[in-house]
>>> print(open('model05.pdb').read())   # PDB, C-alpha atoms and all ligand atoms
MODEL        1
ATOM      1  CA  MET A1206       0.000   0.000   0.000  1.00  0.00           C
ATOM      2  CA  SER A1207       2.504   2.624   1.167  1.00  0.00           C
ATOM      3  CA  LYS A1208       5.035   1.969  -1.633  1.00  0.00           C
ATOM      4  CA  ASN A1209       2.431   2.700  -4.318  1.00  0.00           C
ATOM      5  CA  LEU A1210       1.186   5.723  -2.428  1.00  0.00           C
ATOM      6  CA  ILE A1211       4.725   7.109  -2.063  1.00  0.00           C
ATOM      7  CA  LYS A1212       5.515   6.473  -5.745  1.00  0.00           C
ATOM      8  CA  LEU A1213       2.339   8.218  -6.865  1.00  0.00           C
ATOM      9  CA  THR A1214       2.900  11.149  -4.505  1.00  0.00           C
ATOM     10  CA  LEU A1215       6.521  11.656  -5.572  1.00  0.00           C
ATOM     11  CA  GLU A1216       5.462  11.650  -9.224  1.00  0.00           C
ATOM     12  CA  LEU A1217       3.180  14.573  -8.409  1.00  0.00           C
ATOM     13  CA  VAL A1218       5.597  16.493  -6.165  1.00  0.00           C
ATOM     14  CA  LYS A1219       8.987  16.161  -7.839  1.00  0.00           C
ATOM     15  CA  PRO A1220       8.331  17.872 -11.221  1.00  0.00           C
ATOM     16  CA  GLN A1221       7.012  21.041  -9.595  1.00  0.00           C
ATOM     17  CA  PHE A1222       9.278  21.233  -6.482  1.00  0.00           C
ATOM     18  CA  ARG A1223      11.116  24.574  -6.390  1.00  0.00           C
ATOM     19  CA  LEU A1224      13.931  23.796  -3.900  1.00  0.00           C
ATOM     20  CA  ASN A1225      16.896  21.404  -3.785  1.00  0.00           C
ATOM     21  CA  LEU A1226      15.218  17.986  -3.761  1.00  0.00           C
ATOM     22  CA  ASP A1227      18.285  15.903  -2.866  1.00  0.00           C
ATOM     23  CA  HIS A1228      20.249  18.160  -0.514  1.00  0.00           C
ATOM     24  CA  GLY A1229      17.845  20.760   0.895  1.00  0.00           C
ATOM     25  CA  HIS A1230      16.613  20.922   4.488  1.00  0.00           C
ATOM     26  CA  HIS A1231      13.070  20.415   3.202  1.00  0.00           C
ATOM     27  CA  GLY A1232      13.782  17.898   0.441  1.00  0.00           C
ATOM     28  CA  ILE A1233      13.405  14.174   0.003  1.00  0.00           C
ATOM     29  CA  GLY A1234      15.691  13.137   2.893  1.00  0.00           C
ATOM     30  CA  HIS A1235      13.496  15.106   5.298  1.00  0.00           C
ATOM     31  CA  TRP A1236      10.292  13.665   3.801  1.00  0.00           C
ATOM     32  CA  ALA A1237      11.642  10.110   4.144  1.00  0.00           C
ATOM     33  CA  ARG A1238      12.580  10.662   7.812  1.00  0.00           C
ATOM     34  CA  VAL A1239       9.170  12.230   8.542  1.00  0.00           C
ATOM     35  CA  TRP A1240       7.606   9.107   7.031  1.00  0.00           C
ATOM     36  CA  ARG A1241       9.927   6.915   9.131  1.00  0.00           C
ATOM     37  CA  ASN A1242       8.821   8.792  12.267  1.00  0.00           C
ATOM     38  CA  ALA A1243       5.149   8.673  11.220  1.00  0.00           C
ATOM     39  CA  ARG A1244       5.228   4.892  10.725  1.00  0.00           C
ATOM     40  CA  GLU A1245       6.633   4.410  14.224  1.00  0.00           C
ATOM     41  CA  LEU A1246       4.066   6.747  15.768  1.00  0.00           C
ATOM     42  CA  CYS A1247       1.142   5.126  13.927  1.00  0.00           C
ATOM     43  CA  GLU A1248       2.257   1.710  15.093  1.00  0.00           C
ATOM     44  CA  ALA A1249       2.628   2.887  18.696  1.00  0.00           C
ATOM     45  CA  GLU A1250      -0.686   4.760  18.699  1.00  0.00           C
ATOM     46  CA  GLY A1251      -2.600   2.110  16.692  1.00  0.00           C
ATOM     47  CA  LEU A1252      -3.447   4.459  13.806  1.00  0.00           C
ATOM     48  CA  ASP A1253      -3.791   4.044  10.031  1.00  0.00           C
ATOM     49  CA  PRO A1254      -0.613   5.438   8.376  1.00  0.00           C
ATOM     50  CA  ARG A1255      -2.254   6.466   5.056  1.00  0.00           C
ATOM     51  CA  VAL A1256      -2.765  10.160   5.825  1.00  0.00           C
ATOM     52  CA  PRO A1257       0.615  10.525   7.630  1.00  0.00           C
ATOM     53  CA  CYS A1258       2.253   8.909   4.572  1.00  0.00           C
ATOM     54  CA  LEU A1259       0.735  11.497   2.240  1.00  0.00           C
ATOM     55  CA  PHE A1260       1.539  14.267   4.712  1.00  0.00           C
ATOM     56  CA  SER A1261       5.202  13.238   4.826  1.00  0.00           C
ATOM     57  CA  PHE A1262       5.695  13.677   1.092  1.00  0.00           C
ATOM     58  CA  LEU A1263       3.332  16.623   0.508  1.00  0.00           C
ATOM     59  CA  HIS A1264       3.580  19.014   3.469  1.00  0.00           C
ATOM     60  CA  ASP A1265       6.650  20.917   2.209  1.00  0.00           C
ATOM     61  CA  SER A1266       5.783  20.560  -1.486  1.00  0.00           C
ATOM     62  CA  GLN A1267       4.934  24.242  -2.034  1.00  0.00           C
ATOM     63  CA  ARG A1268       7.862  25.899  -0.300  1.00  0.00           C
ATOM     64  CA  PHE A1269       9.357  28.959  -1.942  1.00  0.00           C
ATOM     65  CA  ASP A1270      12.445  28.946   0.310  1.00  0.00           C
ATOM     66  CA  GLU A1271      14.262  27.003   3.060  1.00  0.00           C
ATOM     67  CA  GLY A1272      13.376  29.555   5.761  1.00  0.00           C
ATOM     68  CA  SER A1273      10.141  29.796   7.712  1.00  0.00           C
ATOM     69  CA  ASP A1274       8.141  30.595   4.529  1.00  0.00           C
ATOM     70  CA  SER A1275       5.077  31.185   6.694  1.00  0.00           C
ATOM     71  CA  HIS A1276       2.452  30.484   4.010  1.00  0.00           C
ATOM     72  CA  HIS A1277       3.889  27.223   2.655  1.00  0.00           C
ATOM     73  CA  GLY A1278       1.387  25.118   4.617  1.00  0.00           C
ATOM     74  CA  THR A1279      -1.556  27.012   3.165  1.00  0.00           C
ATOM     75  CA  ARG A1280      -0.136  26.806  -0.362  1.00  0.00           C
ATOM     76  CA  ALA A1281       0.374  23.041   0.043  1.00  0.00           C
ATOM     77  CA  ARG A1282      -3.180  22.617   1.352  1.00  0.00           C
ATOM     78  CA  VAL A1283      -4.581  24.515  -1.668  1.00  0.00           C
ATOM     79  CA  TRP A1284      -2.472  22.401  -4.061  1.00  0.00           C
ATOM     80  CA  ILE A1285      -3.619  19.168  -2.368  1.00  0.00           C
ATOM     81  CA  GLU A1286      -7.228  20.333  -2.699  1.00  0.00           C
ATOM     82  CA  LYS A1287      -6.697  20.817  -6.437  1.00  0.00           C
ATOM     83  CA  LEU A1288      -5.142  17.339  -6.779  1.00  0.00           C
ATOM     84  CA  PHE A1289      -7.998  15.794  -4.817  1.00  0.00           C
ATOM     85  CA  LEU A1290     -10.656  17.494  -6.960  1.00  0.00           C
ATOM     86  CA  GLN A1291      -8.836  16.221 -10.059  1.00  0.00           C
ATOM     87  CA  ASN A1292      -9.007  12.661  -8.633  1.00  0.00           C
ATOM     88  CA  GLN A1293      -5.221  12.442  -8.453  1.00  0.00           C
ATOM     89  CA  LEU A1294      -5.117  11.441  -4.775  1.00  0.00           C
ATOM     90  CA  PRO A1295      -6.552   7.998  -3.893  1.00  0.00           C
ATOM     91  CA  ILE A1296      -8.058   9.023  -0.567  1.00  0.00           C
ATOM     92  CA  SER A1297     -11.523   9.313   0.942  1.00  0.00           C
ATOM     93  CA  ILE A1298     -13.174  12.630   1.778  1.00  0.00           C
ATOM     94  CA  ALA A1299     -12.525  11.977   5.485  1.00  0.00           C
ATOM     95  CA  GLU A1300      -8.815  11.322   4.800  1.00  0.00           C
ATOM     96  CA  PHE A1301      -8.621  14.429   2.597  1.00  0.00           C
ATOM     97  CA  HIS A1302     -10.096  16.495   5.432  1.00  0.00           C
ATOM     98  CA  LEU A1303      -7.502  15.221   7.933  1.00  0.00           C
ATOM     99  CA  LEU A1304      -4.652  15.682   5.443  1.00  0.00           C
ATOM    100  CA  SER A1305      -5.756  19.270   4.786  1.00  0.00           C
ATOM    101  CA  LEU A1306      -5.840  20.071   8.515  1.00  0.00           C
ATOM    102  CA  ALA A1307      -2.414  18.501   9.054  1.00  0.00           C
ATOM    103  CA  VAL A1308      -0.771  20.288   6.120  1.00  0.00           C
ATOM    104  CA  GLU A1309      -2.375  23.693   6.709  1.00  0.00           C
ATOM    105  CA  GLY A1310      -1.387  23.790  10.388  1.00  0.00           C
ATOM    106  CA  HIS A1311       1.908  21.919  10.440  1.00  0.00           C
ATOM    107  CA  SER A1312       4.116  24.941  11.123  1.00  0.00           C
ATOM    108  CA  HIS A1313       1.790  26.847  13.471  1.00  0.00           C
ATOM    109  CA  GLY A1314       3.027  25.158  16.654  1.00  0.00           C
ATOM    110  CA  GLN A1315      -0.341  23.750  17.760  1.00  0.00           C
ATOM    111  CA  THR A1316      -0.557  20.471  19.680  1.00  0.00           C
ATOM    112  CA  GLU A1317      -4.329  19.906  19.992  1.00  0.00           C
ATOM    113  CA  ALA A1318      -5.898  18.082  17.044  1.00  0.00           C
ATOM    114  CA  HIS A1319      -7.271  14.747  15.771  1.00  0.00           C
ATOM    115  CA  PRO A1320      -4.780  11.923  16.637  1.00  0.00           C
ATOM    116  CA  ILE A1321      -3.899  11.404  12.945  1.00  0.00           C
ATOM    117  CA  VAL A1322      -3.101  15.113  12.590  1.00  0.00           C
ATOM    118  CA  GLN A1323      -1.042  14.975  15.796  1.00  0.00           C
ATOM    119  CA  VAL A1324       1.032  12.104  14.380  1.00  0.00           C
ATOM    120  CA  CYS A1325       1.732  14.156  11.235  1.00  0.00           C
ATOM    121  CA  TRP A1326       2.889  17.175  13.230  1.00  0.00           C
ATOM    122  CA  ASP A1327       5.011  15.072  15.610  1.00  0.00           C
ATOM    123  CA  ALA A1328       6.663  13.183  12.750  1.00  0.00           C
ATOM    124  CA  ASP A1329       7.745  16.499  11.219  1.00  0.00           C
ATOM    125  CA  ARG A1330       8.847  18.113  14.505  1.00  0.00           C
ATOM    126  CA  LEU A1331      10.902  15.055  15.508  1.00  0.00           C
ATOM    127  CA  ASP A1332      13.117  15.788  12.479  1.00  0.00           C
ATOM    128  CA  LEU A1333      14.116  19.302  13.576  1.00  0.00           C
ATOM    129  CA  GLY A1334      17.668  18.263  14.466  1.00  0.00           C
ATOM    130  CA  ARG A1335      18.666  18.736  10.809  1.00  0.00           C
ATOM    131  CA  VAL A1336      18.242  22.508  11.256  1.00  0.00           C
ATOM    132  CA  GLY A1337      19.960  22.608  14.661  1.00  0.00           C
ATOM    133  CA  ILE A1338      16.862  22.403  16.816  1.00  0.00           C
ATOM    134  CA  GLN A1339      16.518  19.738  19.524  1.00  0.00           C
ATOM    135  CA  PRO A1340      12.862  18.572  19.594  1.00  0.00           C
ATOM    136  CA  HIS A1341      11.200  19.107  22.991  1.00  0.00           C
ATOM    137  CA  ALA A1342       8.304  17.112  24.485  1.00  0.00           C
ATOM    138  CA  ARG A1343       6.466  20.380  25.234  1.00  0.00           C
ATOM    139  CA  TYR A1344       5.978  20.985  21.505  1.00  0.00           C
ATOM    140  CA  LEU A1345       5.014  17.396  20.670  1.00  0.00           C
ATOM    141  CA  CYS A1346       1.493  15.968  20.734  1.00  0.00           C
ATOM    142  CA  THR A1347       1.425  12.181  21.146  1.00  0.00           C
ATOM    143  CA  ALA A1348       2.533  10.111  24.142  1.00  0.00           C
ATOM    144  CA  HIS A1349       4.972   8.050  22.051  1.00  0.00           C
ATOM    145  CA  ALA A1350       6.631  11.097  20.468  1.00  0.00           C
ATOM    146  CA  LYS A1351       7.158  12.675  23.899  1.00  0.00           C
ATOM    147  CA  LYS A1352       9.187   9.724  25.192  1.00  0.00           C
ATOM    148  CA  PRO A1353      12.860  10.679  25.669  1.00  0.00           C
ATOM    149  CA  GLU A1354      14.001   7.598  23.705  1.00  0.00           C
ATOM    150  CA  THR A1355      11.752   8.485  20.751  1.00  0.00           C
ATOM    151  CA  ILE A1356      13.070  12.052  20.674  1.00  0.00           C
ATOM    152  CA  ARG A1357      16.680  10.890  20.980  1.00  0.00           C
ATOM    153  CA  SER A1358      16.436   8.269  18.219  1.00  0.00           C
ATOM    154  CA  ALA A1359      14.690  10.683  15.855  1.00  0.00           C
ATOM    155  CA  TYR A1360      17.249  13.386  16.649  1.00  0.00           C
ATOM    156  CA  LEU A1361      20.148  11.070  15.807  1.00  0.00           C
ATOM    157  CA  ARG A1362      18.494  10.132  12.504  1.00  0.00           C
ATOM    158  CA  SER A1363      17.848  13.802  11.742  1.00  0.00           C
ATOM    159  CA  ILE A1364      21.515  14.699  12.064  1.00  0.00           C
ATOM    160  CA  GLN A1365      22.381  11.475  10.237  1.00  0.00           C
ATOM    161  CA  ILE A1366      24.965  10.071  12.639  1.00  0.00           C
ATOM    162  CA  PRO A1367      25.830   6.554  11.393  1.00  0.00           C
ATOM    163  CA  ILE A1368      24.660   3.771  13.734  1.00  0.00           C
ATOM    164  CA  GLU A1369      28.220   2.627  14.551  1.00  0.00           C
ATOM    165  CA  CYS A1370      29.094   6.146  15.832  1.00  0.00           C
ATOM    166  CA  ARG A1371      26.089   6.508  18.129  1.00  0.00           C
ATOM    167  CA  LEU A1372      26.692   6.441  21.894  1.00  0.00           C
TER
HETATM  168 FE    FE A1401       8.663  19.286   7.228  1.00  0.00          FE
ENDMDL
END
>>> encode(input="model05.pdb", output="structure tokens")
Amino acid sequence: MSKNLIKLTLELVKPQFRLNLDHGHHGIGHWARVWRNARELCEAEGLDPRVPCLFSFLHDSQRFDEGSDSHHGTRARVWIEKLFLQNQLPISIAEFHLLSLAVEGHSHGQTEAHPIVQVCWDADRLDLGRVGIQPHARYLCTAHAKKPETIRSAYLRSIQIPIECRL
């Protein structure tokens, strides 16, 4: 399921992505780690990973720059709406609604939301180490994401320390 969904999503995102796909802070490496985090959180929280999967590969799709780009979530939500109305996203109306909420609000710092939306936001925030920010439980939503071991493991992945060098 997820492999097909990722393939389809990347085929939509890659041709129109404006930033450095392979080496940028908000490129494919980040999306893959967000998806890695989301899978773990969905498993721990007993949630369907479909919407978090789409979120991982779509939430930064409409960035104009690598900074805060405060309207990128809204632009991505509008783009996703267009794709959905064109039948290019294989999701239900309920899933589309959750995906829209997650994408629109992902950089606003909120923590209260539907559990699926919370997983999306946590998966993204757990990858902040790549831009020099240590994730903090205060800004995370789900019980599993707030665990010190979850934060530490995600942080190490985000700064890409090879396994054999980890303490
Ligand atoms: Fe992100």
>>> residues_around(input="model05.pdb", residues="A:Gly1251", least_positions_apart="4", cutoff="12 Å", atoms="all atoms listed in the file", output="list in words")
Ala1243, Arg1244, Glu1245, Leu1246, Cys1247, Pro1320, Ile1321, Val1324, Thr1347 and His1349 of chain A
>>> residues_near_ligand(input="model05.pdb", ligand="ligand FE 1401 (chain A)", cutoff="12 Å", atoms="only C-alpha atoms and all ligand atoms", output="NGL selection string")
:A and (1229-1240 or 1242-1243 or 1257 or 1260-1268 or 1271-1274 or 1277-1278 or 1281 or 1307-1313 or 1325-1336 or 1363)
>>> atom_distance(input="model05.pdb", atom1="atom CA of A:Ser1275", atom2="atom CA of A:Tyr1344")
18.0 Å
>>> atom_distance(input="model05.pdb", atom1="atom CA of A:Gly1314", atom2="atom CA of A:Ile1338")
14.1 Å
>>> closest_atom_pairs(input="model05.pdb", of="stretch 1235-1338 of chain A", to="stretch 1208-1211 of chain A", cutoff="9 Å", atoms="all atoms listed in the file", output="CSV")
residue,atom,partner,partner_atom,distance
A:Arg1255,CA,A:Leu1210,CA,8.3
A:Cys1258,CA,A:Ile1211,CA,7.3
A:Leu1259,CA,A:Ile1211,CA,7.3
A:Phe1262,CA,A:Ile1211,CA,7.4
A:Leu1294,CA,A:Leu1210,CA,8.8
A:Pro1295,CA,A:Leu1210,CA,8.2
>>> write_last_selection(input="model05.pdb", atoms="C-alpha atoms", output="PDB file, keeping the file's coordinate frame")
ATOM      1  CA  ARG A1255      -2.254   6.466   5.056  1.00  0.00           C
ATOM      2  CA  CYS A1258       2.253   8.909   4.572  1.00  0.00           C
ATOM      3  CA  LEU A1259       0.735  11.497   2.240  1.00  0.00           C
ATOM      4  CA  PHE A1262       5.695  13.677   1.092  1.00  0.00           C
ATOM      5  CA  LEU A1294      -5.117  11.441  -4.775  1.00  0.00           C
ATOM      6  CA  PRO A1295      -6.552   7.998  -3.893  1.00  0.00           C
TER       7      PRO A1295
END
>>> closest_residue(input="model05.pdb", among="A:Leu1224, A:His1302, A:His1341, A:Ile1296", to="A:Val1322", atoms="all atoms listed in the file")
A:His1302
>>> atom_distance(input="model05.pdb", atom1="atom CA of A:Phe1301", atom2="atom CA of A:Leu1226")
24.9 Å
>>> resolve_selection(input="model05.pdb", expression="the PyMOL selection byres (((chain A and resi 1285) around 9) and not hetatm)", output="count of residues only")
15
>>> axis_aligned_box(input="model05.pdb", around="stretch 1229-1247 of chain A", padding_each_side="6 Å", output="AutoDock Vina command-line options")
--center_x 9.5 --center_y 12.7 --center_z 7.9 --size_x 28.7 --size_y 28.5 --size_z 27.8
>>> build_atoms(input="model05.pdb", residues="stretch 1235-1265 of chain A", atoms="N, CA and C atoms", output="PDB file, in the coordinates of the input")
ATOM      1  N   HIS A1235      14.399  14.701   4.209  1.00  0.00           N
ATOM      2  CA  HIS A1235      13.496  15.106   5.298  1.00  0.00           C
ATOM      3  C   HIS A1235      12.161  14.369   5.178  1.00  0.00           C
ATOM      4  N   TRP A1236      11.596  14.320   3.981  1.00  0.00           N
ATOM      5  CA  TRP A1236      10.292  13.665   3.801  1.00  0.00           C
ATOM      6  C   TRP A1236      10.381  12.181   4.197  1.00  0.00           C
ATOM      7  N   ALA A1237      11.479  11.535   3.825  1.00  0.00           N
ATOM      8  CA  ALA A1237      11.642  10.110   4.144  1.00  0.00           C
ATOM      9  C   ALA A1237      11.752   9.901   5.662  1.00  0.00           C
ATOM     10  N   ARG A1238      12.461  10.809   6.350  1.00  0.00           N
ATOM     11  CA  ARG A1238      12.580  10.662   7.812  1.00  0.00           C
ATOM     12  C   ARG A1238      11.248  10.967   8.493  1.00  0.00           C
ATOM     13  N   VAL A1239      10.496  11.948   7.976  1.00  0.00           N
ATOM     14  CA  VAL A1239       9.170  12.230   8.542  1.00  0.00           C
ATOM     15  C   VAL A1239       8.298  10.982   8.408  1.00  0.00           C
ATOM     16  N   TRP A1240       8.383  10.339   7.248  1.00  0.00           N
ATOM     17  CA  TRP A1240       7.606   9.107   7.031  1.00  0.00           C
ATOM     18  C   TRP A1240       8.075   7.998   7.965  1.00  0.00           C
ATOM     19  N   ARG A1241       9.371   7.894   8.186  1.00  0.00           N
ATOM     20  CA  ARG A1241       9.927   6.915   9.131  1.00  0.00           C
ATOM     21  C   ARG A1241       9.356   7.172  10.535  1.00  0.00           C
ATOM     22  N   ASN A1242       9.370   8.435  10.950  1.00  0.00           N
ATOM     23  CA  ASN A1242       8.821   8.792  12.267  1.00  0.00           C
ATOM     24  C   ASN A1242       7.321   8.498  12.324  1.00  0.00           C
ATOM     25  N   ALA A1243       6.611   8.851  11.253  1.00  0.00           N
ATOM     26  CA  ALA A1243       5.149   8.673  11.220  1.00  0.00           C
ATOM     27  C   ALA A1243       4.770   7.206  11.337  1.00  0.00           C
ATOM     28  N   ARG A1244       5.523   6.341  10.650  1.00  0.00           N
ATOM     29  CA  ARG A1244       5.228   4.892  10.725  1.00  0.00           C
ATOM     30  C   ARG A1244       5.338   4.399  12.165  1.00  0.00           C
ATOM     31  N   GLU A1245       6.419   4.828  12.835  1.00  0.00           N
ATOM     32  CA  GLU A1245       6.633   4.410  14.224  1.00  0.00           C
ATOM     33  C   GLU A1245       5.497   4.916  15.115  1.00  0.00           C
ATOM     34  N   LEU A1246       5.124   6.165  14.932  1.00  0.00           N
ATOM     35  CA  LEU A1246       4.066   6.747  15.768  1.00  0.00           C
ATOM     36  C   LEU A1246       2.721   6.077  15.511  1.00  0.00           C
ATOM     37  N   CYS A1247       2.417   5.788  14.250  1.00  0.00           N
ATOM     38  CA  CYS A1247       1.142   5.126  13.927  1.00  0.00           C
ATOM     39  C   CYS A1247       1.087   3.741  14.560  1.00  0.00           C
ATOM     40  N   GLU A1248       2.216   3.038  14.502  1.00  0.00           N
ATOM     41  CA  GLU A1248       2.257   1.710  15.093  1.00  0.00           C
ATOM     42  C   GLU A1248       2.042   1.804  16.605  1.00  0.00           C
ATOM     43  N   ALA A1249       2.732   2.737  17.239  1.00  0.00           N
ATOM     44  CA  ALA A1249       2.628   2.887  18.696  1.00  0.00           C
ATOM     45  C   ALA A1249       1.239   3.347  19.121  1.00  0.00           C
ATOM     46  N   GLU A1250       0.618   4.191  18.322  1.00  0.00           N
ATOM     47  CA  GLU A1250      -0.686   4.760  18.699  1.00  0.00           C
ATOM     48  C   GLU A1250      -1.853   3.973  18.096  1.00  0.00           C
ATOM     49  N   GLY A1251      -1.549   2.923  17.297  1.00  0.00           N
ATOM     50  CA  GLY A1251      -2.600   2.110  16.692  1.00  0.00           C
ATOM     51  C   GLY A1251      -3.415   2.859  15.650  1.00  0.00           C
ATOM     52  N   LEU A1252      -2.745   3.631  14.798  1.00  0.00           N
ATOM     53  CA  LEU A1252      -3.447   4.459  13.806  1.00  0.00           C
ATOM     54  C   LEU A1252      -3.090   4.056  12.382  1.00  0.00           C
ATOM     55  N   ASP A1253      -4.008   4.324  11.453  1.00  0.00           N
ATOM     56  CA  ASP A1253      -3.791   4.044  10.031  1.00  0.00           C
ATOM     57  C   ASP A1253      -2.753   5.038   9.475  1.00  0.00           C
ATOM     58  N   PRO A1254      -1.687   4.541   8.830  1.00  0.00           N
ATOM     59  CA  PRO A1254      -0.613   5.438   8.376  1.00  0.00           C
ATOM     60  C   PRO A1254      -0.860   6.135   7.037  1.00  0.00           C
ATOM     61  N   ARG A1255      -2.016   5.922   6.412  1.00  0.00           N
ATOM     62  CA  ARG A1255      -2.254   6.466   5.056  1.00  0.00           C
ATOM     63  C   ARG A1255      -2.119   7.989   4.981  1.00  0.00           C
ATOM     64  N   VAL A1256      -2.823   8.690   5.855  1.00  0.00           N
ATOM     65  CA  VAL A1256      -2.765  10.160   5.825  1.00  0.00           C
ATOM     66  C   VAL A1256      -1.371  10.655   6.230  1.00  0.00           C
ATOM     67  N   PRO A1257      -0.755  10.109   7.306  1.00  0.00           N
ATOM     68  CA  PRO A1257       0.615  10.525   7.630  1.00  0.00           C
ATOM     69  C   PRO A1257       1.599  10.266   6.492  1.00  0.00           C
ATOM     70  N   CYS A1258       1.380   9.192   5.722  1.00  0.00           N
ATOM     71  CA  CYS A1258       2.253   8.909   4.572  1.00  0.00           C
ATOM     72  C   CYS A1258       2.147  10.047   3.549  1.00  0.00           C
ATOM     73  N   LEU A1259       0.928  10.397   3.200  1.00  0.00           N
ATOM     74  CA  LEU A1259       0.735  11.497   2.240  1.00  0.00           C
ATOM     75  C   LEU A1259       1.271  12.813   2.796  1.00  0.00           C
ATOM     76  N   PHE A1260       1.030  13.045   4.071  1.00  0.00           N
ATOM     77  CA  PHE A1260       1.539  14.267   4.712  1.00  0.00           C
ATOM     78  C   PHE A1260       3.059  14.358   4.574  1.00  0.00           C
ATOM     79  N   SER A1261       3.727  13.239   4.839  1.00  0.00           N
ATOM     80  CA  SER A1261       5.202  13.238   4.826  1.00  0.00           C
ATOM     81  C   SER A1261       5.765  13.760   3.512  1.00  0.00           C
ATOM     82  N   PHE A1262       5.144  13.344   2.404  1.00  0.00           N
ATOM     83  CA  PHE A1262       5.695  13.677   1.092  1.00  0.00           C
ATOM     84  C   PHE A1262       5.034  14.900   0.444  1.00  0.00           C
ATOM     85  N   LEU A1263       4.029  15.469   1.101  1.00  0.00           N
ATOM     86  CA  LEU A1263       3.332  16.623   0.508  1.00  0.00           C
ATOM     87  C   LEU A1263       3.439  17.919   1.315  1.00  0.00           C
ATOM     88  N   HIS A1264       3.737  17.824   2.624  1.00  0.00           N
ATOM     89  CA  HIS A1264       3.580  19.014   3.469  1.00  0.00           C
ATOM     90  C   HIS A1264       4.519  20.164   3.118  1.00  0.00           C
ATOM     91  N   ASP A1265       5.698  19.848   2.585  1.00  0.00           N
ATOM     92  CA  ASP A1265       6.650  20.917   2.209  1.00  0.00           C
ATOM     93  C   ASP A1265       6.714  21.112   0.694  1.00  0.00           C
TER      94      ASP A1265
END
